[in-house]
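Undergrad: Next up, start_32.pdb (PDB, C-alpha atoms).
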ATOM      1  CA  MET A 460     -28.646  15.314   4.195
ATOM      2  CA  SER A 461     -26.756  14.465   7.397
ATOM      3  CA  ALA A 462     -27.647  10.753   7.273
ATOM      4  CA  GLU A 463     -27.877  10.524   3.492
ATOM      5  CA  VAL A 464     -27.331   7.034   2.089
ATOM      6  CA  VAL A 465     -27.459   6.660  -1.683
ATOM      7  CA  GLY A 466     -26.482   3.626  -3.723
ATOM      8  CA  PRO A 467     -24.650   0.592  -2.320
ATOM      9  CA  THR A 468     -23.618   0.475   1.326
ATOM     10  CA  LEU A 469     -20.391  -1.082   2.559
ATOM     11  CA  ALA A 470     -19.443  -2.136   6.085
ATOM     12  CA  ALA A 471     -16.228  -1.168   7.862
ATOM     13  CA  GLN A 472     -14.727  -3.575  10.404
ATOM     14  CA  LEU A 473     -12.669  -2.746  13.488
ATOM     15  CA  VAL A 474      -8.988  -3.695  13.233
ATOM     16  CA  VAL A 475      -7.484  -1.712  16.151
ATOM     17  CA  ASP A 476      -9.405  -0.706  19.275
ATOM     18  CA  ALA A 477      -7.036   2.184  19.999
ATOM     19  CA  LYS A 478      -9.531   4.583  21.600
ATOM     20  CA  ALA A 479      -7.604   7.480  20.063
ATOM     21  CA  HIS A 480      -8.996  10.841  21.121
ATOM     22  CA  LEU A 481      -8.654  12.139  17.560
ATOM     23  CA  GLY A 482      -7.559   9.387  15.188
ATOM     24  CA  GLU A 483      -6.400  10.884  11.892
ATOM     25  CA  ALA A 484      -4.035  11.031   8.911
ATOM     26  CA  PRO A 485      -3.873   7.389   7.681
ATOM     27  CA  PHE A 486      -1.048   6.779   5.187
ATOM     28  CA  TRP A 487      -0.045   3.430   3.692
ATOM     29  CA  ASP A 488       3.753   3.191   4.022
ATOM     30  CA  SER A 489       4.778   0.859   1.194
ATOM     31  CA  ARG A 490       8.378   0.842   2.464
ATOM     32  CA  ARG A 491       7.333  -0.982   5.605
ATOM     33  CA  GLY A 492       4.010  -2.603   4.738
ATOM     34  CA  GLU A 493       2.317  -0.607   7.486
ATOM     35  CA  LEU A 494      -0.511   1.852   7.858
ATOM     36  CA  LEU A 495       0.755   4.965   9.610
ATOM     37  CA  TRP A 496      -1.855   6.952  11.521
ATOM     38  CA  LEU A 497      -2.096   9.349  14.447
ATOM     39  CA  ASP A 498      -3.880  10.423  17.584
ATOM     40  CA  ILE A 499      -3.706  14.190  17.143
ATOM     41  CA  LEU A 500      -4.720  15.074  20.699
ATOM     42  CA  GLY A 501      -2.622  12.318  22.251
ATOM     43  CA  ALA A 502       0.478  13.256  20.193
ATOM     44  CA  GLN A 503       0.878   9.586  19.273
ATOM     45  CA  VAL A 504       2.148   7.955  16.081
ATOM     46  CA  PHE A 505       0.714   4.513  15.290
ATOM     47  CA  GLN A 506       2.169   1.874  12.952
ATOM     48  CA  TYR A 507      -0.422  -0.777  12.121
ATOM     49  CA  ASN A 508       1.090  -3.889  10.554
ATOM     50  CA  PRO A 509      -1.746  -5.991   9.080
ATOM     51  CA  SER A 510       0.422  -9.044   8.438
ATOM     52  CA  LYS A 511       1.439  -9.175  12.113
ATOM     53  CA  GLY A 512      -1.757  -7.724  13.570
ATOM     54  CA  THR A 513       0.280  -5.237  15.621
ATOM     55  CA  ASN A 514      -0.169  -1.517  16.245
ATOM     56  CA  ALA A 515       3.082  -0.003  17.521
ATOM     57  CA  VAL A 516       2.879   3.344  19.319
ATOM     58  CA  GLN A 517       5.352   6.213  19.608
ATOM     59  CA  ASP A 518       4.472   8.939  22.110
ATOM     60  CA  LEU A 519       5.704  12.392  21.066
ATOM     61  CA  SER A 520       4.019  14.362  23.843
ATOM     62  CA  SER A 521       7.424  15.411  25.191
ATOM     63  CA  HIS A 522       8.092  17.165  21.862
ATOM     64  CA  THR A 523       4.695  18.644  20.967
ATOM     65  CA  ALA A 524       1.083  18.798  22.134
ATOM     66  CA  HIS A 525      -0.297  17.557  18.801
ATOM     67  CA  VAL A 526       0.809  15.495  15.812
ATOM     68  CA  THR A 527      -1.510  16.146  12.886
ATOM     69  CA  THR A 528      -0.021  14.825   9.636
ATOM     70  CA  ILE A 529       2.398  12.029   8.782
ATOM     71  CA  VAL A 530       4.117  11.451   5.418
ATOM     72  CA  PRO A 531       7.102   9.184   4.635
ATOM     73  CA  VAL A 532      10.251  10.933   3.423
ATOM     74  CA  GLU A 533      11.341   9.960  -0.095
ATOM     75  CA  GLY A 534      14.575   7.961  -0.355
ATOM     76  CA  THR A 535      14.576   6.802   3.284
ATOM     77  CA  ASP A 536      13.605   3.564   5.000
ATOM     78  CA  SER A 537      12.137   4.989   8.184
ATOM     79  CA  ALA A 538      11.963   8.808   8.169
ATOM     80  CA  VAL A 539       8.619  10.636   8.219
ATOM     81  CA  VAL A 540       7.670  14.303   8.272
ATOM     82  CA  LEU A 541       5.036  15.303  10.815
ATOM     83  CA  GLY A 542       2.748  18.268  11.157
ATOM     84  CA  THR A 543       2.612  19.441  14.782
ATOM     85  CA  SER A 544       1.177  22.173  16.977
ATOM     86  CA  GLU A 545       4.120  24.440  16.236
ATOM     87  CA  GLY A 546       4.954  23.411  12.673
ATOM     88  CA  PHE A 547       6.955  20.371  11.592
ATOM     89  CA  LEU A 548       9.094  17.531  12.912
ATOM     90  CA  LEU A 549      11.214  14.884  11.235
ATOM     91  CA  LEU A 550      10.872  11.534  13.008
ATOM     92  CA  ASP A 551      12.812   8.335  12.464
ATOM     93  CA  LEU A 552      10.430   5.448  13.089
ATOM     94  CA  GLU A 553      13.326   3.106  13.935
ATOM     95  CA  ASP A 554      15.389   5.037  16.478
ATOM     96  CA  ALA A 555      12.711   7.618  17.475
ATOM     97  CA  SER A 556      15.089  10.525  16.830
ATOM     98  CA  VAL A 557      13.365  13.863  16.228
ATOM     99  CA  GLN A 558      14.404  17.037  14.416
ATOM    100  CA  ALA A 559      12.403  20.266  14.643
ATOM    101  CA  HIS A 560      11.966  22.620  11.697
ATOM    102  CA  ALA A 561      13.504  26.092  11.855
ATOM    103  CA  ALA A 562      10.096  27.731  11.349
ATOM    104  CA  ASN A 563       8.492  26.113  14.380
ATOM    105  CA  GLY A 564       6.822  28.578  16.702
ATOM    106  CA  SER A 565       6.763  31.429  14.164
ATOM    107  CA  LEU A 566       3.910  30.358  11.877
ATOM    108  CA  HIS A 567       0.847  31.239  13.930
ATOM    109  CA  GLY A 568      -0.461  32.207  17.360
ATOM    110  CA  LYS A 569      -0.866  29.992  20.398
ATOM    111  CA  HIS A 570      -4.523  29.209  19.621
ATOM    112  CA  THR A 571      -3.688  27.879  16.138
ATOM    113  CA  ARG A 572      -2.103  24.566  15.202
ATOM    114  CA  MET A 573      -1.349  22.623  12.057
ATOM    115  CA  ASN A 574      -3.985  20.149  10.880
ATOM    116  CA  ASP A 575      -4.383  17.855   7.863
ATOM    117  CA  GLY A 576      -1.879  17.660   5.015
ATOM    118  CA  LYS A 577      -0.507  15.600   2.135
ATOM    119  CA  CYS A 578       2.193  15.857  -0.510
ATOM    120  CA  ASP A 579       1.611  16.819  -4.118
ATOM    121  CA  PRO A 580       3.075  14.773  -7.024
ATOM    122  CA  GLN A 581       6.277  16.845  -6.823
ATOM    123  CA  GLY A 582       6.804  15.943  -3.154
ATOM    124  CA  ARG A 583       5.854  19.299  -1.625
ATOM    125  CA  LEU A 584       3.906  19.106   1.642
ATOM    126  CA  TRP A 585       0.593  20.983   1.618
ATOM    127  CA  ILE A 586      -0.674  21.415   5.159
ATOM    128  CA  GLY A 587      -3.377  23.598   6.640
ATOM    129  CA  SER A 588      -4.119  24.888  10.099
ATOM    130  CA  ILE A 589      -7.041  25.244  12.500
ATOM    131  CA  ALA A 590      -7.688  28.094  14.945
ATOM    132  CA  ARG A 591      -9.654  27.532  18.140
ATOM    133  CA  GLU A 592     -10.650  29.540  21.177
ATOM    134  CA  GLY A 593     -12.833  29.265  24.264
ATOM    135  CA  PRO A 594     -12.136  27.827  27.723
ATOM    136  CA  ASP A 595     -11.872  24.245  26.445
ATOM    137  CA  GLY A 596     -10.411  25.110  23.038
ATOM    138  CA  ALA A 597     -13.416  23.695  21.213
ATOM    139  CA  ASP A 598     -14.670  26.831  19.445
ATOM    140  CA  ILE A 599     -13.562  27.260  15.828
ATOM    141  CA  VAL A 600     -12.355  30.728  14.785
ATOM    142  CA  PRO A 601     -13.974  31.328  11.368
ATOM    143  CA  GLY A 602     -11.385  32.368   8.798
ATOM    144  CA  GLY A 603      -8.581  32.167  11.351
ATOM    145  CA  ALA A 604      -6.530  29.465   9.642
ATOM    146  CA  ALA A 605      -4.500  29.054   6.442
ATOM    147  CA  LEU A 606      -2.974  26.605   3.964
ATOM    148  CA  TYR A 607       0.812  26.297   3.613
ATOM    149  CA  VAL A 608       3.315  24.646   1.279
ATOM    150  CA  LEU A 609       6.612  23.217   2.556
ATOM    151  CA  ASP A 610       8.890  22.762  -0.471
ATOM    152  CA  GLY A 611      11.730  20.734   1.033
ATOM    153  CA  TRP A 612      12.934  20.570   4.623
ATOM    154  CA  ALA A 613      15.503  23.359   4.227
ATOM    155  CA  SER A 614      12.892  25.847   2.987
ATOM    156  CA  MET A 615      10.469  27.976   4.967
ATOM    157  CA  PRO A 616       6.762  27.210   4.519
ATOM    158  CA  THR A 617       4.803  29.497   2.195
ATOM    159  CA  LYS A 618       1.259  30.596   3.008
ATOM    160  CA  VAL A 619      -0.806  30.050  -0.148
ATOM    161  CA  LEU A 620      -4.392  30.434   1.099
ATOM    162  CA  GLU A 621      -5.854  32.591   3.879
ATOM    163  CA  GLY A 622      -9.323  32.878   5.382
ATOM    164  CA  VAL A 623      -9.562  29.141   6.062
ATOM    165  CA  SER A 624     -11.552  27.881   9.055
ATOM    166  CA  VAL A 625     -10.697  24.151   9.386
ATOM    167  CA  SER A 626      -8.202  22.995   6.774
ATOM    168  CA  ASN A 627      -8.764  19.299   6.154
ATOM    169  CA  GLY A 628      -8.717  16.746   3.330
ATOM    170  CA  ILE A 629      -6.462  17.369   0.348
ATOM    171  CA  THR A 630      -5.462  15.136  -2.567
ATOM    172  CA  TRP A 631      -4.575  15.177  -6.266
ATOM    173  CA  SER A 632      -6.003  13.593  -9.391
ATOM    174  CA  LYS A 633      -4.130  10.765 -11.089
ATOM    175  CA  ASP A 634      -2.816  13.094 -13.808
ATOM    176  CA  GLY A 635      -1.758  15.675 -11.217
ATOM    177  CA  GLN A 636      -3.757  18.441 -12.886
ATOM    178  CA  THR A 637      -6.484  18.809 -10.248
ATOM    179  CA  MET A 638      -6.150  19.411  -6.505
ATOM    180  CA  TYR A 639      -9.118  18.606  -4.257
ATOM    181  CA  TYR A 640      -9.334  20.572  -1.015
ATOM    182  CA  THR A 641     -11.614  20.695   2.023
ATOM    183  CA  ASP A 642     -12.284  23.589   4.370
ATOM    184  CA  SER A 643     -14.695  21.634   6.558
ATOM    185  CA  PRO A 644     -17.163  24.369   7.634
ATOM    186  CA  THR A 645     -17.908  25.146   3.958
ATOM    187  CA  PHE A 646     -19.634  21.720   3.837
ATOM    188  CA  GLY A 647     -18.090  20.687   0.525
ATOM    189  CA  ILE A 648     -15.020  19.888  -1.549
ATOM    190  CA  ASP A 649     -13.356  22.377  -3.886
ATOM    191  CA  ALA A 650     -11.260  21.624  -6.968
ATOM    192  CA  PHE A 651      -8.306  23.690  -8.150
ATOM    193  CA  ALA A 652      -6.512  23.595 -11.479
ATOM    194  CA  PHE A 653      -3.026  22.408 -10.508
ATOM    195  CA  ASP A 654       0.242  23.194 -12.293
ATOM    196  CA  GLY A 655       3.066  21.396 -10.536
ATOM    197  CA  ALA A 656       5.674  23.277 -12.583
ATOM    198  CA  ALA A 657       4.360  26.770 -11.811
ATOM    199  CA  ALA A 658       6.985  29.430 -11.175
ATOM    200  CA  THR A 659       5.739  30.341  -7.686
ATOM    201  CA  HIS A 660       3.876  28.523  -4.938
ATOM    202  CA  SER A 661       0.945  30.920  -5.240
ATOM    203  CA  GLN A 662       0.509  29.863  -8.889
ATOM    204  CA  LEU A 663       0.433  26.110  -8.217
ATOM    205  CA  ALA A 664      -3.290  25.890  -7.439
ATOM    206  CA  THR A 665      -5.679  28.272  -9.212
ATOM    207  CA  GLN A 666      -9.243  28.518 -10.563
ATOM    208  CA  ARG A 667     -10.963  27.322  -7.396
ATOM    209  CA  ARG A 668     -14.458  25.912  -7.863
ATOM    210  CA  ARG A 669     -16.935  23.828  -5.866
ATOM    211  CA  CYS A 670     -17.095  20.233  -7.115
ATOM    212  CA  ILE A 671     -18.945  18.380  -4.324
ATOM    213  CA  ASP A 672     -21.614  19.607  -1.924
ATOM    214  CA  VAL A 673     -21.562  17.176   1.000
ATOM    215  CA  CYS A 674     -24.302  18.706   3.140
ATOM    216  CA  ALA A 675     -26.151  21.918   3.899
ATOM    217  CA  GLY A 676     -25.075  22.179   7.544
ATOM    218  CA  PHE A 677     -23.633  20.311  10.506
ATOM    219  CA  PRO A 678     -23.801  17.410  11.004
ATOM    220  CA  PRO A 679     -21.817  16.252   9.162
ATOM    221  CA  VAL A 680     -18.830  18.084   7.725
ATOM    222  CA  PRO A 681     -16.366  16.675   5.184
ATOM    223  CA  ASP A 682     -13.046  15.743   6.769
ATOM    224  CA  GLY A 683     -10.206  13.690   5.259
ATOM    225  CA  CYS A 684     -10.391  12.182   1.779
ATOM    226  CA  ALA A 685      -8.759   9.711  -0.606
ATOM    227  CA  LEU A 686      -8.923   9.218  -4.370
ATOM    228  CA  ASP A 687      -9.270   5.814  -6.025
ATOM    229  CA  ALA A 688      -7.778   4.705  -9.341
ATOM    230  CA  ASP A 689     -11.114   5.343 -11.075
ATOM    231  CA  GLY A 690     -10.952   9.007 -10.119
ATOM    232  CA  LYS A 691     -13.665   8.797  -7.466
ATOM    233  CA  LEU A 692     -13.287  10.653  -4.181
ATOM    234  CA  TRP A 693     -13.886   8.960  -0.814
ATOM    235  CA  VAL A 694     -14.797  11.509   1.862
ATOM    236  CA  ALA A 695     -14.876  10.902   5.618
ATOM    237  CA  CYS A 696     -17.995  12.593   7.006
ATOM    238  CA  PHE A 697     -17.403  13.772  10.581
ATOM    239  CA  GLY A 698     -20.720  13.687  12.406
ATOM    240  CA  ALA A 699     -22.309  10.978  10.245
ATOM    241  CA  GLY A 700     -20.276   7.835  10.991
ATOM    242  CA  GLN A 701     -19.760   7.426   7.253
ATOM    243  CA  VAL A 702     -17.308   7.564   4.380
ATOM    244  CA  ARG A 703     -18.943   8.551   1.101
ATOM    245  CA  ARG A 704     -17.764   7.838  -2.435
ATOM    246  CA  TYR A 705     -18.420  10.707  -4.854
ATOM    247  CA  ASP A 706     -17.844  11.380  -8.523
ATOM    248  CA  PRO A 707     -15.981  14.717  -8.375
ATOM    249  CA  THR A 708     -16.807  15.536 -11.995
ATOM    250  CA  THR A 709     -20.561  15.531 -11.324
ATOM    251  CA  GLY A 710     -20.767  15.777  -7.522
ATOM    252  CA  THR A 711     -22.887  12.608  -7.465
ATOM    253  CA  LEU A 712     -22.931  10.419  -4.344
ATOM    254  CA  LEU A 713     -22.178   6.852  -5.481
ATOM    255  CA  ALA A 714     -21.813   4.694  -2.351
ATOM    256  CA  THR A 715     -21.602   4.920   1.429
ATOM    257  CA  VAL A 716     -19.392   3.153   3.966
ATOM    258  CA  LEU A 717     -21.175   2.654   7.287
ATOM    259  CA  LEU A 718     -19.279   2.279  10.541
ATOM    260  CA  PRO A 719     -20.683   0.273  13.468
ATOM    261  CA  ALA A 720     -22.940   2.233  15.809
ATOM    262  CA  GLU A 721     -20.449   1.491  18.608
ATOM    263  CA  ALA A 722     -17.869   3.592  16.730
ATOM    264  CA  GLY A 723     -19.893   6.778  17.105
ATOM    265  CA  LEU A 724     -20.232   9.398  14.404
ATOM    266  CA  GLU A 725     -16.801  11.064  14.398
ATOM    267  CA  THR A 726     -15.361   9.612  11.183
ATOM    268  CA  THR A 727     -12.197  11.589  10.460
ATOM    269  CA  ALA A 728     -10.165  10.293   7.504
ATOM    270  CA  CYS A 729      -9.593   7.436   5.092
ATOM    271  CA  ALA A 730      -6.796   5.966   2.973
ATOM    272  CA  PHE A 731      -6.298   2.985   0.722
ATOM    273  CA  GLY A 732      -3.830   0.420   1.985
ATOM    274  CA  GLY A 733      -2.448  -3.070   1.607
ATOM    275  CA  PRO A 734       0.198  -4.158  -0.935
ATOM    276  CA  ASP A 735      -2.315  -3.683  -3.770
ATOM    277  CA  LEU A 736      -4.033  -0.625  -2.240
ATOM    278  CA  ASP A 737      -7.299  -2.563  -2.410
ATOM    279  CA  GLU A 738      -8.551  -2.009   1.143
ATOM    280  CA  LEU A 739      -9.894   1.195   2.651
ATOM    281  CA  TYR A 740      -8.778   2.202   6.150
ATOM    282  CA  VAL A 741     -10.878   4.615   8.205
ATOM    283  CA  THR A 742      -9.919   6.563  11.335
ATOM    284  CA  THR A 743     -12.330   7.744  14.028
ATOM    285  CA  ALA A 744     -12.383   9.934  17.129
ATOM    286  CA  HIS A 745     -14.068  10.770  20.416
ATOM    287  CA  GLU A 746     -13.080  14.425  20.603
ATOM    288  CA  PHE A 747     -14.091  16.205  23.839
ATOM    289  CA  TRP A 748     -16.303  13.279  24.933
ATOM    290  CA  SER A 749     -17.271  12.438  28.484
ATOM    291  CA  GLU A 750     -16.440   9.016  29.888
ATOM    292  CA  GLU A 751     -20.159   8.257  29.922
ATOM    293  CA  LYS A 752     -20.510   8.946  26.196
ATOM    294  CA  LEU A 753     -17.444   6.851  25.380
ATOM    295  CA  ALA A 754     -18.896   3.967  27.376
ATOM    296  CA  GLN A 755     -21.965   4.077  25.130
ATOM    297  CA  MET A 756     -19.842   4.012  21.942
ATOM    298  CA  PRO A 757     -16.713   2.155  23.066
ATOM    299  CA  LEU A 758     -15.196   1.627  19.599
ATOM    300  CA  ALA A 759     -14.830   5.365  18.932
ATOM    301  CA  GLY A 760     -11.205   6.231  18.264
ATOM    302  CA  GLY A 761     -10.577   2.873  16.618
ATOM    303  CA  LEU A 762      -9.038   2.070  13.248
ATOM    304  CA  PHE A 763     -11.434   0.414  10.808
ATOM    305  CA  ARG A 764     -11.022  -1.317   7.461
ATOM    306  CA  VAL A 765     -13.257  -2.016   4.478
ATOM    307  CA  PRO A 766     -11.792  -5.267   3.072
ATOM    308  CA  ARG A 767     -11.346  -5.888  -0.647
ATOM    309  CA  GLU A 768     -14.255  -8.337  -0.665
ATOM    310  CA  GLU A 769     -16.553  -5.614   0.632
ATOM    311  CA  LEU A 770     -15.277  -3.048  -1.867
ATOM    312  CA  ALA A 771     -15.901  -5.576  -4.655
ATOM    313  CA  LYS A 772     -19.634  -5.183  -4.005
ATOM    314  CA  LEU A 773     -19.395  -2.032  -6.113
ATOM    315  CA  GLY A 774     -19.060  -4.272  -9.167
ATOM    316  CA  SER A 775     -15.393  -3.999 -10.036
ATOM    317  CA  PRO A 776     -12.116  -4.120  -8.111
ATOM    318  CA  ILE A 777     -11.509  -0.840  -6.269
ATOM    319  CA  ARG A 778      -7.940   0.289  -5.742
ATOM    320  CA  GLY A 779      -6.436   3.467  -4.442
ATOM    321  CA  LEU A 780      -3.688   5.624  -5.860
ATOM    322  CA  PRO A 781      -0.242   5.589  -4.236
ATOM    323  CA  MET A 782       0.117   8.553  -1.896
ATOM    324  CA  HIS A 783       2.982  10.922  -2.615
ATOM    325  CA  THR A 784       5.996  11.056  -0.296
ATOM    326  CA  PHE A 785       7.886  14.114   0.963
ATOM    327  CA  LYS A 786      10.863  15.201  -1.104
ATOM    328  CA  ARG A 787      13.313  16.439   1.480
TER     329      ARG A 787
END
Would you write out, as structure tokens, the structure that this file holds?

TA:
Amino acid sequence: MSAEVVGPTLAAQLVVDAKAHLGEAPFWDSRRGELLWLDILGAQVFQYNPSKGTNAVQDLSSHTAHVTTIVPVEGTDSAVVLGTSEGFLLLDLEDASVQAHAANGSLHGKHTRMNDGKCDPQGRLWIGSIAREGPDGADIVPGGAALYVLDGWASMPTKVLEGVSVSNGITWSKDGQTMYYTDSPTFGIDAFAFDGAAATHSQLATQRRRCIDVCAGFPPVPDGCALDADGKLWVACFGAGQVRRYDPTTGTLLATVLLPAEAGLETTACAFGGPDLDELYVTTAHEFWSEEKLAQMPLAGGLFRVPREELAKLGSPIRGLPMHTFKR
């Protein structure tokens, strides 16, 4: 199933040749008309402005070894919350000021860092971790990670799920009653019943079940994901050079986005963007590659886009859902 292509195929086009080591976490910032995204391993924050064709860069390597998640802060013009190696940072995109969270450094051991995350409809940040070992830090520690909830900047994060290996894509249904979650080495997507008004964080997401089987083994693994307005889930498939559109109610594969061969196979995440959320942005990586391998696939680490005209090949206009911001 690693190269499975079912139904219509769509083409993604390069928009930024960033050569990010681990491009990730795309988020359409409607405040600024920009796509925010990251290079996790480079500790860089990117701001892609499609109307100007620019991709501004902020280097945070003096503050942290990794930036892993980026979400705008509700009620501000330029503040974002970041997941980092140690925990969390607040960053102002205008003046580059940074504020560290009080929990930083106390959440996990030195071989574990934060990874992918998003906010639920109530503005709480759900963010998971990844644990690695080995001389080059490339070996995953099975069950060594967790999923946390940060309910406001002044609160301490709550661990809500243990035994995770690589916490990745997470998103919510349009009605807010289902949470979709990816632990990549399980090779699928799980759905939880979600009650945003639950009395405790541990009661927010319950009744876990498998809703999509992406593959039987690596490659690929499911990575980041995004939900469209029709309730269909778009899943970046790391190791396949694809983004796949699934029906989460049936698990059926509906369509496949193909990236250019020059981009390699490390497709990491996707998000809908543009003023009408009618384009799909895709991030890529060249994690732990040699210079020789990168020379063979020189577009790896770039930012790609599936334009609205390409998405229209599916027979009707495709639009995403607005992503939730962080309620500080």

Undergrad: With a distance cut-off of 7 Å and all atoms listed in the file, select the neighbouring residues of range 599-611 of chain A, excluding the residue or stretch itself and same-chain residues fewer than 5 positions from it, and output the selection as a PDB file with C-alpha atoms, keeping the file's coordinate frame.

TA:
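The result, stored in part09.pdb:
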ATOM      1  CA  ARG A 583       5.854  19.299  -1.625  1.00  0.00           C
ATOM      2  CA  LEU A 584       3.906  19.106   1.642  1.00  0.00           C
ATOM      3  CA  TRP A 585       0.593  20.983   1.618  1.00  0.00           C
ATOM      4  CA  ILE A 586      -0.674  21.415   5.159  1.00  0.00           C
ATOM      5  CA  GLY A 587      -3.377  23.598   6.640  1.00  0.00           C
ATOM      6  CA  SER A 588      -4.119  24.888  10.099  1.00  0.00           C
ATOM      7  CA  ILE A 589      -7.041  25.244  12.500  1.00  0.00           C
ATOM      8  CA  ALA A 590      -7.688  28.094  14.945  1.00  0.00           C
ATOM      9  CA  ARG A 591      -9.654  27.532  18.140  1.00  0.00           C
ATOM     10  CA  GLU A 592     -10.650  29.540  21.177  1.00  0.00           C
ATOM     11  CA  PRO A 616       6.762  27.210   4.519  1.00  0.00           C
ATOM     12  CA  THR A 617       4.803  29.497   2.195  1.00  0.00           C
ATOM     13  CA  LYS A 618       1.259  30.596   3.008  1.00  0.00           C
ATOM     14  CA  VAL A 619      -0.806  30.050  -0.148  1.00  0.00           C
ATOM     15  CA  LEU A 620      -4.392  30.434   1.099  1.00  0.00           C
ATOM     16  CA  GLU A 621      -5.854  32.591   3.879  1.00  0.00           C
ATOM     17  CA  GLY A 622      -9.323  32.878   5.382  1.00  0.00           C
ATOM     18  CA  VAL A 623      -9.562  29.141   6.062  1.00  0.00           C
ATOM     19  CA  SER A 624     -11.552  27.881   9.055  1.00  0.00           C
ATOM     20  CA  VAL A 625     -10.697  24.151   9.386  1.00  0.00           C
ATOM     21  CA  SER A 626      -8.202  22.995   6.774  1.00  0.00           C
ATOM     22  CA  LYS A 786      10.863  15.201  -1.104  1.00  0.00           C
ATOM     23  CA  ARG A 787      13.313  16.439   1.480  1.00  0.00           C
TER      24      ARG A 787
END

Undergrad: Could you spell out the hits of the PyMOL selection byres ((chain A and resi 551-553) around 7) on the shown file, as a list in words?

TA: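 Going through the file, the PyMOL selection byres ((chain A and resi 551-553) around 7) ends up selecting Ser537, Ala538, Val539, Leu549, Leu550, Asp554, Ala555, Ser556 and Val557 of chain A.
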
Undergrad: For CA of Arg767 in chain A and CA of Tyr507 in chain A, quote the distance in Å rounded to one decimal.

TA: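 Separation of CA of Arg767 in chain A and CA of Tyr507 in chain A: 17.6 Å.
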
Undergrad: As a check of understanding, name the residues that the PyMOL selection byres ((chain A and resi 641-645) around 6) selects in the supplied structure, as a ChimeraX atom specification.

TA: /A:625-628,640,646-648,680-681

Undergrad: Specify as a list in words each residue included when the PyMOL selection byres ((chain A and resi 466) around 7) is applied to this file.

TA: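 This file gives the following for the PyMOL selection byres ((chain A and resi 466) around 7): Val464, Val465, Pro467, Thr468, Leu713 and Ala714 of chain A.
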
Undergrad: Is it possible to get the residues within 12 Å of (8.2, 12.7, 20.8) (coordinates as in the file, counting only C-alpha atoms) written as JSON, numbers by chain?

TA: {"A": [501, 502, 503, 504, 516, 517, 518, 519, 520, 521, 522, 523, 524, 525, 526, 541, 543, 548, 549, 550, 551, 552, 554, 555, 556, 557, 558, 559]}

Undergrad: Take the residues from that selection and write them out as a short mmCIF file (atom, residue, chain, number, x, y, z; two decimals), in the coordinates of the input, keeping C-alpha atoms.

TA:
data_model
loop_
_atom_site.label_atom_id
_atom_site.label_comp_id
_atom_site.auth_asym_id
_atom_site.auth_seq_id
_atom_site.Cartn_x
_atom_site.Cartn_y
_atom_site.Cartn_z
CA GLY A 501 -2.62 12.32 22.25
CA ALA A 502 0.48 13.26 20.19
CA GLN A 503 0.88 9.59 19.27
CA VAL A 504 2.15 7.96 16.08
CA VAL A 516 2.88 3.34 19.32
CA GLN A 517 5.35 6.21 19.61
CA ASP A 518 4.47 8.94 22.11
CA LEU A 519 5.70 12.39 21.07
CA SER A 520 4.02 14.36 23.84
CA SER A 521 7.42 15.41 25.19
CA HIS A 522 8.09 17.16 21.86
CA THR A 523 4.70 18.64 20.97
CA ALA A 524 1.08 18.80 22.13
CA HIS A 525 -0.30 17.56 18.80
CA VAL A 526 0.81 15.50 15.81
CA LEU A 541 5.04 15.30 10.82
CA THR A 543 2.61 19.44 14.78
CA LEU A 548 9.09 17.53 12.91
CA LEU A 549 11.21 14.88 11.24
CA LEU A 550 10.87 11.53 13.01
CA ASP A 551 12.81 8.34 12.46
CA LEU A 552 10.43 5.45 13.09
CA ASP A 554 15.39 5.04 16.48
CA ALA A 555 12.71 7.62 17.48
CA SER A 556 15.09 10.52 16.83
CA VAL A 557 13.36 13.86 16.23
CA GLN A 558 14.40 17.04 14.42
CA ALA A 559 12.40 20.27 14.64
#

Undergrad: CA of Gly546 in chain A and CA of Gly576 in chain A, how far apart in Å?

TA: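 Atom-to-atom, CA of Gly576 in chain A to CA of Gly546 in chain A, that is 11.8 Å.
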
Undergrad: With distances taken over only C-alpha atoms, which residue among A:His745, A:His567, A:Lys633, A:Arg491 lies nearest Pro531 in chain A?

TA: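 That would be A:Arg491, the residue with the smallest distance to Pro531 in chain A.
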
Undergrad: Quick one, how far is CA of Lys511 in chain A from CA of Leu758 in chain A?

TA: 21.2 Å

Undergrad: Fewer than 5 positions away in the same chain doesn't count, so skip those; otherwise give me all residues within 9 Å of Glu483 in chain A, counting all atoms listed in the file, as a PyMOL selection string.

TA: chain A and resi 496-499+527-528+575+683+727-729+741-744

Undergrad: Could you tell me which of A:Leu469, A:Lys691, A:Gly761, A:Ile529 comes closest to Leu773 in chain A if we count only C-alpha atoms?

TA: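 Under the stated criterion, the closest residue is A:Leu469.
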
Undergrad: Given the choices A:Leu739, A:Leu692, A:Ala759, A:Leu495, which gets closest to Glu721 in chain A if the distance is worked out from only C-alpha atoms?

TA: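 The answer is A:Ala759, which sits nearest to Glu721 in chain A.
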
Undergrad: With all atoms listed in the file as the basis for distance, which of A:Phe653, A:Phe547, A:Phe677, A:Trp612 is at the shortest distance from Phe785 in chain A?

TA: A:Trp612

Undergrad: Given the choices A:Asp687, A:Asp682, A:Glu751, A:Glu746, which gets closest to Lys478 in chain A if the distance is worked out from all atoms listed in the file?

TA: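 Of the candidates, the smallest distance to Lys478 in chain A is held by A:Glu746.
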
Undergrad: Nearest to Gly733 in chain A among A:Pro766, A:Gly774, A:Gly690, A:Gly582, with distances taken over only C-alpha atoms: which residue is it?

TA: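 Of A:Pro766, A:Gly774, A:Gly690, A:Gly582, the one nearest Gly733 in chain A is A:Pro766, counting only C-alpha atoms.
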
Undergrad: Kindly list the centre and edge lengths in Å, rounded to one decimal, for the axis-aligned box that covers all listed atoms of range 744-750 of chain A plus 8 Å on each of its six sides, as lines of an AutoDock Vina configuration file.

TA:
center_x = -14.8
center_y = 12.6
center_z = 23.5
size_x = 20.9
size_y = 23.2
size_z = 28.8
